[in-house]
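Peer 1: Sending over a structure as C-alpha cells; questions will come in a sec.
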Amino acid sequence: MPRSSAIGRGLALLMVSSVLWVGMPQLAADDAGKMSYAGRPLVDVLRDFQNRGLRILYSSDLVRPDMMITKTPTATTLHLILEQLLAPHGLKPEIGPLGSVLVVRKEVAPVPVTIIQPTSQQAVFGEIEIAAVVDTEAEIDRVEFFVNDRLVAQLVHPPYRALIDVGEENIDRVFRAVAYGAWGGRGFSTVETKPVEFVEEVEVALKQVYVTITRSGNPVTDLQPEDFTVIDNGDRRELVTFERGDVPLTAVLLVDASESMKKGYIEATSNGSRAFLTRMNPLDQAMLMLFCDRTLAATPFSQQTDELLRPLIGTPYVGGTALNDHLYAALKVLDRQQGRRVVILLSDGRDVLSTLRMEDVLWKVHRSDAVVYWIRLLKRGRGSFSSAWRDFKENSREQDDLERAVKQSGGRIVALAGIDEIEGAFDDIMTELREQYVIGYYPVDRSNDGRWRPVKIKVDAFGAKVRYSTGYIDN
Amino acid sequence: MRAKAITAALAILLLPVLASAAQPRSFKKKDFQKQYRRVLERYAEGDFEDAVSSLVELESAAVAEYGVKVLDRMLKAKLIVLRDLMVDGGIEVLAPVTLLHEDTYVAYLDLGSSPLARHSRTMTADLVQFYAKQGDSQESQLMASGLMASLAGRFQEAYLDSAAAELFALALDVDPRNAAALQGLAGLYERRGEYDRTVVYLEQLADVDPLNREGRLRLAVNLMRVDRQRKSGETLRQLIDEPDSDWILSLAYQELARILTDNADFTSARSLLEEAVGRLPRDPSLPIQLAYLSDREESVDGDIDLLVWLRRSAEDDGESPRYLYSQIPKSALEDLRRALRQERQDRLLLLAAALDGHAHFDAAAEAGS
C-alpha cells in the first residue's frame, strides 16, 4: 500500500472513530450509563445498543445466546463499557467499515499462576494445604483448585490457600490451579505428586522439626537448606522439605485464671493475646482455654480475635490450679489440628490440683509435635509449697518436669518480672514463630518400640543459638 | 471445797496478768465486768450472735479507749467474773463461755483485728485447757476434748499449724476416740508430706467413725502413698459401691483409675472411667483422665473429642473435687461442732442460774452500800 493512501486511510479511520466515539458518549451518558447489565445475556445488551443507533456487527458464532454478563462495567465511556462487557467472553470491540463496531475475538494474555504447595517432591496424605500465587497486577476473578480433576476449592481473594482433604490413599495425584482474570483470560499450573514407595512394608513418615535460630537474641533468617545438618538417632539424614516463617500455625492460648494470679493480670493477658492474634496469617487459627482447678472456658478454633478473647471479659480469679491437666488437654486438642502446633501457657507454674502428673504431660509432649511456650509470671524463683496432694519435694519435681517439657518440645520459658511485660512476651513469641525454620526429613530404621529417638540439628552459622525439639518417641 | 480449788487454779492462770504493768489511764474494771456479764446473759438466753457482736463491741471499745495494753487488764477482769460464776455454777459454766470466746475469735479473724484475735485465741485456749484439767466427770472430759478439737480446727483454718497440732494432740490425750482431732492431725501431717503418720491417724479414724466417707477417701489416697495399693484399692472400691454421688465418689474413681493405669491395666481403667462418666457426667477431671488413658492405650476407637467435654464442663461453676480435697478436712469437725452446740444447752442453764445468783448478790451489795 502506498504511504499516502495508508495515511489517508488512517485519517479516515480517525475521523470515523472520532465521530463514532465522540457521538457515543451522548448515548452512554443518556442511556447506557443508566442501563443495568449484570444478569442479562450479552446478545440482548448488544441489541439494545443497536436499537439506540449504534452499528454493532457481530457473528452469532462469537456472541452466543448463553453468554451472560456477570459484572456491570465500571467504565464511563461507551468504548470502555463495550470492552468490559465483551472481555470476560474473550471478545473485544474494533472499528469496522462505515463507522460500524465489529465484535471480534480478543487475544487474551494468560494469567500467570503457580502452585507453591504441595511440591512435586512431596508425598501427600489426608488434610493438606494447597496454595498458589498469581503473579499479575490485573484483577483476578477467582482461582480454582482441582485434585485429579475434582474441584476441591474455589477462592476469590488472595492469598489463594486452602486446607483440603486428599484422602489417605498412597497414589499419584495431579494438583491443578486455574486462575481466571476478571476481564478475561486464564492460566493453569499443575503439580504431580508421587506416592511414597514402600520397601518391604516399611512405613516412612516425614518427620518435621521446627527450628528457631538466633544470634545475640535476634532471629537468623538467611539460612539455606545446605546450612543444616540433621542427625536422627545417630544417623545423618537428608532434608526433604525446607520452609520458613509462613507455615500456618494452630495455637492454644492456655491461661491460668486461678486465685494466685495478680490483679490486672487478665487485662494484660487480654492485651497480649490480642497482639498475638492480630498478627496471625489468614490460614492460622487459635483457641483460648481458661482454667483454674477446672476449665473456665474453651473456645472453638477460630481466627476471630474478639470471639477468642470474649471469655476473658469479667473473668474472676477463682480456685486452685490444675495446670498439668490443662496443658495435657491443650496438647490433646491440638492432635486433631493440622500444621504447626503451638501452646502458649500463661501461669505461675504452680500446679496443685491436677489429676495428671507432669510426667504424664511430658509423656504426651514426647509424642506430640506441638511446641510449648511458657510465659512464666514469677521471675524470682519458684517458691516452695506443699498441699494435701503433694509435698514440697513432689511439687518441686513437678516444676522441674514442666521446665523439661517446655524445653524438650522446642519451646522456651519467657520469665516475666511483672504483668506489664505480658504483651511484649506474646509479641516476641509471634515474631519467633514467623522466623522459625520448618525442616522435614525421613527417619530410618524406625522400629515403633516406644523408645526415645534423640534428634540433633547443627547449623552452619557462627555464633548462632539453635532451639528445637530434642527428640521423639518411636511409635 | 470445789469452789476453793477452782479459785486457786484460776489464781495460777491469772498470775502473769496480775503481774502486768499499770495502765496510763484508769481502766474502769467494774463497768467492764458489768457489761461482760450482760454479754454472758445474752449468751445464756440463746442470743448467740448478739452476744458475740456485743463482746466484740465491748472489747474493741476498750482497746480504742485505752490502747492494746488494756488487753491484760481486760483478761483479768473477765477471768474474775468467770471465777465468781464458777463459785456458784461450778466448772461446767465454763464450757459454753469457751464456745462464746471461740466464736468471738472467729469474728475477730473475719474483722481482721489481729491484737484482739490473738487475745481471744489465747483466752479461749487457756479456758479450754483449764476446763479440761478441772472437769473430772467423763462427760466433762468428752466435752473438753471436743472444745479443744474445735478450737484446734480454728487454728488449722488460720494456718497456725503448730498450735493446732498441739491442741489436737491434747484433745486426743483426753479422748483418744475424738474423730475431729484424728482427722485434724491427719490433715496436718498430710500437708507436711508425713504420709506414714497420716495413715496411722486415718486408720484410727476409720475405726472410730467408719461411716466417714471423707476420712476413708483420705485413708485410701495415703495408703497409696505408702505403697499399700491393695488396701487402698479395696477402700476406693467400697466408696464407689456406695450410692452417694458426691466429690468423694469422683475422687474415688479417679484414684482407682490411676492405680489401674499405673499398673498398665488399661482395660479395667477404661471400664471404670466410663462407669464414672456415666454416674458423674459433668465432672471436670474424668474426661481428661479418659483422654490420657486413650493415649496410653494408643486407642483410636476409644478416643474422645476432649474439646467438646471441656466446653461442657466449663458451663458448671462448682468447685472441683480435687479442690475440695485440698481444703482442710472438716467433715468430722462439723459433726463435732454440731454436737458441742447441743451439749451446750444444759450448761447454758447452769450459766444463766449462776449469772442470776450473782445479779441478786450484786443487787444486795449495791443496796447494802
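By convention here, the chains of the C-alpha cells are called A, B, ... in the order presented, each chain's residues are numbered starting at 1, and ligands are numbered starting at 1 in the order presented.
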Counting only C-alpha atoms, collect the residues of chain A whose closest atom lies at most 6 Å from chain B, and write them out as a list in words.
Peer 2: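 Here they are: Arg294, Thr295, Leu296, Ala297, Ala298, Leu353, Ser387, Ala388 and Asp391 of chain A.
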Peer 1: Apply DSSP to the backbone of this structure and, from range 138-296 of chain B, keep only the residues in helix (DSSP H, G or I); write these as a VMD selection string.
Peer 2: chain B and resid 138 to 157 161 to 174 179 to 191 195 to 208 213 to 225 229 to 241 247 to 262 266 to 279 286 to 296
Peer 1: If we count only C-alpha atoms and set the cut-off at 12 Å, which residues sit around Pro88 in chain A, ignoring sequence neighbours fewer than 3 positions away in its own chain? Please answer as a list in words.
Peer 2: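 In the requested form, the answer reads Leu42, Val63, Met67, Met68, Ile69, Thr70, Lys71, Thr72, Pro73, Leu82, Glu83, Gln84, Leu85, Leu91, Lys92, Arg105, Lys106, Glu107, Val108, Glu139, Ile140, Asp141, Tyr180, Gly181, Ala182, Trp183, Gly184, Gly185 and Arg186 of chain A.
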Peer 1: Now that the selection is made, can you save its residues with C-alpha atoms as a compact mmCIF listing (two decimals), in the first residue's frame?
Peer 2:
# COMPACT_ATOMS: atom_id res chain seq x y z
CA LEU A 42 -24.69 -10.29 26.21
CA VAL A 63 -21.75 -13.93 20.61
CA MET A 67 -23.14 -15.69 27.24
CA MET A 68 -24.29 -13.89 30.36
CA ILE A 69 -22.98 -10.65 31.80
CA THR A 70 -21.83 -11.25 35.34
CA LYS A 71 -20.43 -7.82 36.19
CA THR A 72 -21.71 -4.35 35.49
CA PRO A 73 -18.91 -2.38 33.83
CA LEU A 82 -18.16 -2.31 25.47
CA GLU A 83 -14.64 -3.54 26.16
CA GLN A 84 -15.59 -4.57 29.69
CA LEU A 85 -18.79 -6.25 28.56
CA LEU A 91 -14.11 -10.69 22.81
CA LYS A 92 -13.34 -7.04 22.09
CA ARG A 105 -12.15 -12.40 19.21
CA LYS A 106 -9.68 -10.94 21.70
CA GLU A 107 -6.23 -12.31 22.12
CA VAL A 108 -6.09 -12.57 25.89
CA GLU A 139 -7.81 -8.10 38.67
CA ILE A 140 -8.41 -11.79 39.31
CA ASP A 141 -11.91 -13.21 39.31
CA TYR A 180 -9.42 -16.55 35.88
CA GLY A 181 -8.84 -12.88 35.10
CA ALA A 182 -11.70 -10.56 35.98
CA TRP A 183 -11.85 -9.27 32.41
CA GLY A 184 -10.98 -12.47 30.58
CA GLY A 185 -8.00 -14.70 30.28
CA ARG A 186 -6.98 -17.56 32.45
Peer 1: Kindly assemble as a tab-separated table a list of the range 206-239 of chain A residues that lie within 10 Å of range 244-250 of chain A, each paired with its nearest atom pair and their distance in Å to one decimal, using only C-alpha atoms, sorted first by chain and then by ascending residue number.
Peer 2:
residue	atom	partner	partner_atom	distance
A:Tyr210	CA	A:Arg244	CA	9.2
A:Val211	CA	A:Arg244	CA	9.2
A:Thr212	CA	A:Arg244	CA	9.9
A:Thr221	CA	A:Arg244	CA	8.2
A:Asp222	CA	A:Arg244	CA	9.8
A:Leu223	CA	A:Arg244	CA	9.6
A:Gln224	CA	A:Arg244	CA	9.9
Peer 1: I need the chosen residues saved as a PDB file, in the first residue's frame, with C-alpha atoms.
Peer 2:
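That gives us part28.pdb:
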ATOM      1  CA  TYR A 210      10.667 -26.572  63.992  1.00  0.00           C
ATOM      2  CA  VAL A 211      13.947 -24.798  64.431  1.00  0.00           C
ATOM      3  CA  THR A 212      14.453 -21.388  65.984  1.00  0.00           C
ATOM      4  CA  THR A 221      16.681 -15.656  58.773  1.00  0.00           C
ATOM      5  CA  ASP A 222      19.047 -16.077  55.837  1.00  0.00           C
ATOM      6  CA  LEU A 223      19.975 -19.745  56.135  1.00  0.00           C
ATOM      7  CA  GLN A 224      19.642 -22.231  53.303  1.00  0.00           C
TER       8      GLN A 224
END
Peer 1: Tell me which of A:Phe276, A:Phe188, A:Tyr265, A:Trp363 sits closest to Asp348 in chain A, counting only C-alpha atoms.
Peer 2: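 Closest to Asp348 in chain A of all the choices is A:Tyr265.
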Peer 1: Which is closest to Ala181 in chain B among B:Lys29, B:Arg216, B:Lys330, B:Arg38, if we use only C-alpha atoms?
Peer 2: B:Lys330
Peer 1: Do a neighbour search on range 233-246 of chain B at 7 Å with only C-alpha atoms, toss out local chain neighbours closer than 4 positions, and write the hits as number ranges by chain.
Peer 2: B: 216-217, 220, 229, 250, 252-253, 256
Peer 1: Write a file of the selected residues as an mmCIF file, in the first residue's frame, keeping N, CA and C atoms.
Peer 2:
data_model
loop_
_atom_site.group_PDB
_atom_site.id
_atom_site.type_symbol
_atom_site.label_atom_id
_atom_site.label_comp_id
_atom_site.auth_asym_id
_atom_site.auth_seq_id
_atom_site.Cartn_x
_atom_site.Cartn_y
_atom_site.Cartn_z
ATOM 1 N N ARG B 216 -12.284 -41.991 104.891
ATOM 2 C CA ARG B 216 -11.884 -43.225 104.183
ATOM 3 C C ARG B 216 -11.221 -42.901 102.849
ATOM 4 N N LEU B 217 -11.712 -41.853 102.184
ATOM 5 C CA LEU B 217 -11.067 -41.451 100.924
ATOM 6 C C LEU B 217 -9.621 -41.026 101.192
ATOM 7 N N ALA B 220 -7.466 -43.944 101.796
ATOM 8 C CA ALA B 220 -7.104 -44.649 100.552
ATOM 9 C C ALA B 220 -5.998 -43.921 99.807
ATOM 10 N N GLN B 229 -1.081 -50.450 98.029
ATOM 11 C CA GLN B 229 -2.023 -50.260 96.929
ATOM 12 C C GLN B 229 -3.259 -51.152 97.041
ATOM 13 N N SER B 250 -16.212 -39.011 92.970
ATOM 14 C CA SER B 250 -15.392 -38.655 91.807
ATOM 15 C C SER B 250 -13.915 -38.982 92.064
ATOM 16 N N ALA B 252 -12.717 -41.049 94.259
ATOM 17 C CA ALA B 252 -12.521 -42.498 94.401
ATOM 18 C C ALA B 252 -12.316 -43.123 93.021
ATOM 19 N N TYR B 253 -13.143 -42.701 92.060
ATOM 20 C CA TYR B 253 -12.980 -43.186 90.686
ATOM 21 C C TYR B 253 -11.608 -42.780 90.128
ATOM 22 N N LEU B 256 -8.690 -44.694 91.841
ATOM 23 C CA LEU B 256 -8.643 -46.113 91.492
ATOM 24 C C LEU B 256 -8.206 -46.284 90.026
#
Peer 1: List the neighbours of Ala95 in chain B out to 10 Å using only C-alpha atoms; skip same-chain residues closer than 4 positions along the sequence, and give me the result as an mmCIF file with C-alpha atoms, in the first residue's frame.
Peer 2:
data_model
loop_
_atom_site.group_PDB
_atom_site.id
_atom_site.type_symbol
_atom_site.label_atom_id
_atom_site.label_comp_id
_atom_site.auth_asym_id
_atom_site.auth_seq_id
_atom_site.Cartn_x
_atom_site.Cartn_y
_atom_site.Cartn_z
ATOM 1 C CA ILE B 91 -16.822 -25.738 136.298
ATOM 2 C CA LEU B 99 -17.648 -21.573 122.881
ATOM 3 C CA LEU B 100 -18.612 -17.899 123.134
ATOM 4 C CA LEU B 127 -10.101 -21.603 129.296
ATOM 5 C CA VAL B 128 -10.431 -24.871 127.412
ATOM 6 C CA TYR B 131 -11.791 -26.742 131.838
ATOM 7 C CA ALA B 132 -10.107 -29.989 130.748
ATOM 8 C CA GLY B 135 -13.643 -31.227 134.804
ATOM 9 C CA SER B 140 -16.711 -33.146 131.112
ATOM 10 C CA MET B 143 -16.770 -32.014 126.285
ATOM 11 C CA ALA B 144 -13.273 -30.693 126.972
ATOM 12 C CA LEU B 147 -13.827 -27.984 122.774
ATOM 13 C CA LEU B 340 -20.979 -29.253 121.007
ATOM 14 C CA GLU B 343 -24.230 -30.234 124.612
ATOM 15 C CA ARG B 344 -24.107 -26.512 125.346
ATOM 16 C CA ARG B 347 -24.735 -25.912 130.569
ATOM 17 C CA LEU B 348 -26.346 -22.659 129.440
ATOM 18 C CA LEU B 351 -24.611 -20.349 133.356
#
Peer 1: Could you list, as a ChimeraX atom specification, every residue within 9 Å of Val196 in chain A, counting only C-alpha atoms and ignoring same-chain residues fewer than 3 positions away?
Peer 2: /A:122-124,170-171,204
Peer 1: Which residues, written as a VMD selection string, have at least one atom at most 7 Å from Ala332 in chain B, with only C-alpha atoms counted and residues fewer than 2 positions away on the same chain left out?
Peer 2: chain B and resid 179 to 180 183 330 334 to 336
Peer 1: Smallest atom-to-atom distance to Leu356 in chain A: which of B:Thr124, B:Ser232, B:Thr261, B:Thr198, using only C-alpha atoms?
Peer 2: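 That would be B:Thr261, the residue with the smallest distance to Leu356 in chain A.
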Peer 1: Could you tell me how far CA of Asp420 in chain A sits from CA of Ala330 in chain A, in Å to one decimal place?
Peer 2: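 It comes out at 25.3 Å.
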Peer 1: Find the residue from B:Val39, B:Val68, B:Leu172, B:Leu202 that sits nearest to Pro115 in chain B; use only C-alpha atoms when measuring.
Peer 2: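 Answer, going by the shortest atom-to-atom distance: B:Val68.
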Peer 1: As a ChimeraX atom specification, list the residues of range 277-410 of chain A assigned to strand (DSSP E or B) by DSSP on the backbone atoms of this structure.
Peer 2: /A:285-291,295-298,302,340-347,371-376
